[in-house]
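> Sharing a structure, written as structure tokens. Questions coming.
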Amino acid sequence: MAVKIRLLRMGKIRNPQYRIVVADSRTKRDGRAIEYVGIYQPKEHPSVIQVKSERVQYWLSVGAQPSEAVQRILEKTGDWQQFKGLPAPPPLLVKEPKQSRTEVYEAEAKSAAGVADTPAKPAKKAPAGPEAAAARPEQTKAVDPAEPNREAVAADAEDPAGAGADAS
């Protein structure tokens, strides 16, 4: 019985994803496999290649023949060179780990607020009581230059009580 290491196609119509399988050479492309030894996703950037090296080495040692596509994949991972006794290839490109959405949101919020990414210094405790209210600056809303100030409008109005107030 001739044993091949080949690709089993999975995925959608225009999004191929493959499993690297050990199968009898007489079975269909997507037929029954003896063992699954890896995955290959060519549409990702960089391509995802995961191979169980010890199992591939075992199957190569007992005479399994890789297909041309699988041999190219094994050359990229270094398993083919290890089997043949050749020097190892350069390492594969690896995708950066995905940041969590909360981290991205917090970083954007800090940059929008103008807060630097420096470690927080211990804050001085504010005195409690009436002097604390005097020590704190007034919390005011940011003023839009296009919007007129209500106090200025009331001072400019002829009515001393304020615009729209009853004088009676």
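Naming works like this for the structure tokens: A, B, ... for the chains as they're shown, residue 1 at the start of each chain, ligands 1 onward in shown order.
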Could you pull the residues within 9 Å of Leu60 in chain A, counting only C-alpha atoms, minus those fewer than 6 positions along the same chain, as a list of chain:residue names?
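That gives A:Ile5, A:Pro66, A:Trp80, A:Phe83.
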> Skipping near chain neighbours, those fewer than 3 positions away, what residues fall within 9 Å of Leu8 in chain A using only C-alpha atoms, listed as a PyMOL selection string?
chain A and resi 17-21+29-31+33
> For the residues in the current selection, export N, CA, C and O atoms as a PDB file, in the first residue's frame.

```
ATOM      1  N   GLN A  17      -8.991  26.280   2.551  1.00  0.00           N
ATOM      2  CA  GLN A  17      -8.216  25.939   3.738  1.00  0.00           C
ATOM      3  C   GLN A  17      -7.926  24.450   3.630  1.00  0.00           C
ATOM      4  O   GLN A  17      -8.791  23.673   3.210  1.00  0.00           O
ATOM      5  N   TYR A  18      -6.732  24.065   3.985  1.00  0.00           N
ATOM      6  CA  TYR A  18      -6.319  22.687   3.765  1.00  0.00           C
ATOM      7  C   TYR A  18      -5.883  22.046   5.073  1.00  0.00           C
ATOM      8  O   TYR A  18      -5.364  22.713   5.966  1.00  0.00           O
ATOM      9  N   ARG A  19      -6.067  20.739   5.143  1.00  0.00           N
ATOM     10  CA  ARG A  19      -5.461  19.927   6.185  1.00  0.00           C
ATOM     11  C   ARG A  19      -4.381  19.094   5.517  1.00  0.00           C
ATOM     12  O   ARG A  19      -4.567  18.591   4.406  1.00  0.00           O
ATOM     13  N   ILE A  20      -3.280  18.965   6.192  1.00  0.00           N
ATOM     14  CA  ILE A  20      -2.206  18.096   5.696  1.00  0.00           C
ATOM     15  C   ILE A  20      -2.484  16.720   6.288  1.00  0.00           C
ATOM     16  O   ILE A  20      -2.560  16.570   7.513  1.00  0.00           O
ATOM     17  N   VAL A  21      -2.680  15.737   5.405  1.00  0.00           N
ATOM     18  CA  VAL A  21      -3.097  14.413   5.866  1.00  0.00           C
ATOM     19  C   VAL A  21      -2.170  13.337   5.324  1.00  0.00           C
ATOM     20  O   VAL A  21      -1.503  13.513   4.301  1.00  0.00           O
ATOM     21  N   ARG A  29      -9.297  12.743  -3.123  1.00  0.00           N
ATOM     22  CA  ARG A  29      -8.607  13.901  -2.539  1.00  0.00           C
ATOM     23  C   ARG A  29      -9.178  14.255  -1.169  1.00  0.00           C
ATOM     24  O   ARG A  29      -8.440  14.503  -0.230  1.00  0.00           O
ATOM     25  N   ASP A  30     -10.512  14.284  -1.073  1.00  0.00           N
ATOM     26  CA  ASP A  30     -11.152  14.642   0.182  1.00  0.00           C
ATOM     27  C   ASP A  30     -11.710  13.403   0.887  1.00  0.00           C
ATOM     28  O   ASP A  30     -12.622  13.502   1.706  1.00  0.00           O
ATOM     29  N   GLY A  31     -11.146  12.258   0.581  1.00  0.00           N
ATOM     30  CA  GLY A  31     -11.626  11.009   1.169  1.00  0.00           C
ATOM     31  C   GLY A  31     -11.042  10.760   2.549  1.00  0.00           C
ATOM     32  O   GLY A  31     -10.483  11.642   3.201  1.00  0.00           O
ATOM     33  N   ALA A  33      -8.775   9.717   5.578  1.00  0.00           N
ATOM     34  CA  ALA A  33      -7.348   9.870   5.829  1.00  0.00           C
ATOM     35  C   ALA A  33      -6.916   8.941   6.963  1.00  0.00           C
ATOM     36  O   ALA A  33      -7.715   8.604   7.837  1.00  0.00           O
TER      37      ALA A  33
END
```
> Show me, as an mmCIF file with C-alpha atoms, in the first residue's frame, the residues that have an atom within 9 Å of Pro46 in chain A when counting only C-alpha atoms, minus same-chain residues fewer than 6 positions from it.

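Okay, this is what ended up in selection.cif:
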```
data_model
loop_
_atom_site.group_PDB
_atom_site.id
_atom_site.type_symbol
_atom_site.label_atom_id
_atom_site.label_comp_id
_atom_site.auth_asym_id
_atom_site.auth_seq_id
_atom_site.Cartn_x
_atom_site.Cartn_y
_atom_site.Cartn_z
ATOM 1 C CA LEU A 92 8.525 31.611 9.134
ATOM 2 C CA LEU A 93 6.715 34.920 9.376
ATOM 3 C CA VAL A 94 4.251 34.947 12.250
ATOM 4 C CA LYS A 95 1.162 37.112 12.523
#
```
> In Å, with one decimal, what is the gap from CA of Ser61 in chain A to CA of Pro16 in chain A?
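According to the coordinates, CA of Ser61 in chain A and CA of Pro16 in chain A are separated by 29.3 Å.
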> Which residue gives the smallest distance to Ile49 in chain A among A:Arg6, A:Lys76, A:Arg32, A:Lys110, with only C-alpha atoms counted?
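Smallest distance to Ile49 in chain A is found for A:Lys76.
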> To one decimal place in Å, what is the distance between CA of Leu86 in chain A and CA of Lys43 in chain A?
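Calculated distance between CA of Leu86 in chain A and CA of Lys43 in chain A is 29.1 Å.
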> If I take CA of Gln81 in chain A and CA of Glu96 in chain A, how far is one from the other in Å, to one decimal?
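Computed distance, CA of Gln81 in chain A to CA of Glu96 in chain A, equals 26.5 Å.
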> My list of candidates is A:Ser53, A:Val62, A:Ser100, A:Tyr36. Which is closest to Glu75 in chain A when distances are computed with only C-alpha atoms?
A:Ser53
> Determine, counting only C-alpha atoms, which protein, DNA and RNA residues have an atom within 8 Å of an atom of range 24-27 of chain A; residues of the same chain fewer than 5 positions away are not included. Present the result as a ChimeraX atom specification.
/A:1-4,32-34
> Choose the residue, out of A:Val56, A:Val70, A:Val37, A:Ala64, that has the smallest atom-to-atom separation from Gln82 in chain A; count only C-alpha atoms.
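Using only C-alpha atoms, Gln82 in chain A sits closest to A:Val56.
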> Using only C-alpha atoms, find the one residue out of A:Gln41, A:Ala113, A:Lys28, A:Ser47 that sits nearest to Lys12 in chain A.
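When distances to Lys12 in chain A are compared using only C-alpha atoms, the smallest one comes from A:Gln41.
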> My list of candidates is A:Thr77, A:Ala69, A:Glu35, A:Gly63. Which is closest to Gln50 in chain A when distances are computed with only C-alpha atoms?
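Nearest candidate to Gln50 in chain A out of A:Thr77, A:Ala69, A:Glu35, A:Gly63: A:Thr77.
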> Calculated over only C-alpha atoms, which of the candidates A:Trp59, A:Asn15, A:Gln65, A:Gln99 has the smallest distance to Glu44 in chain A?
A:Asn15
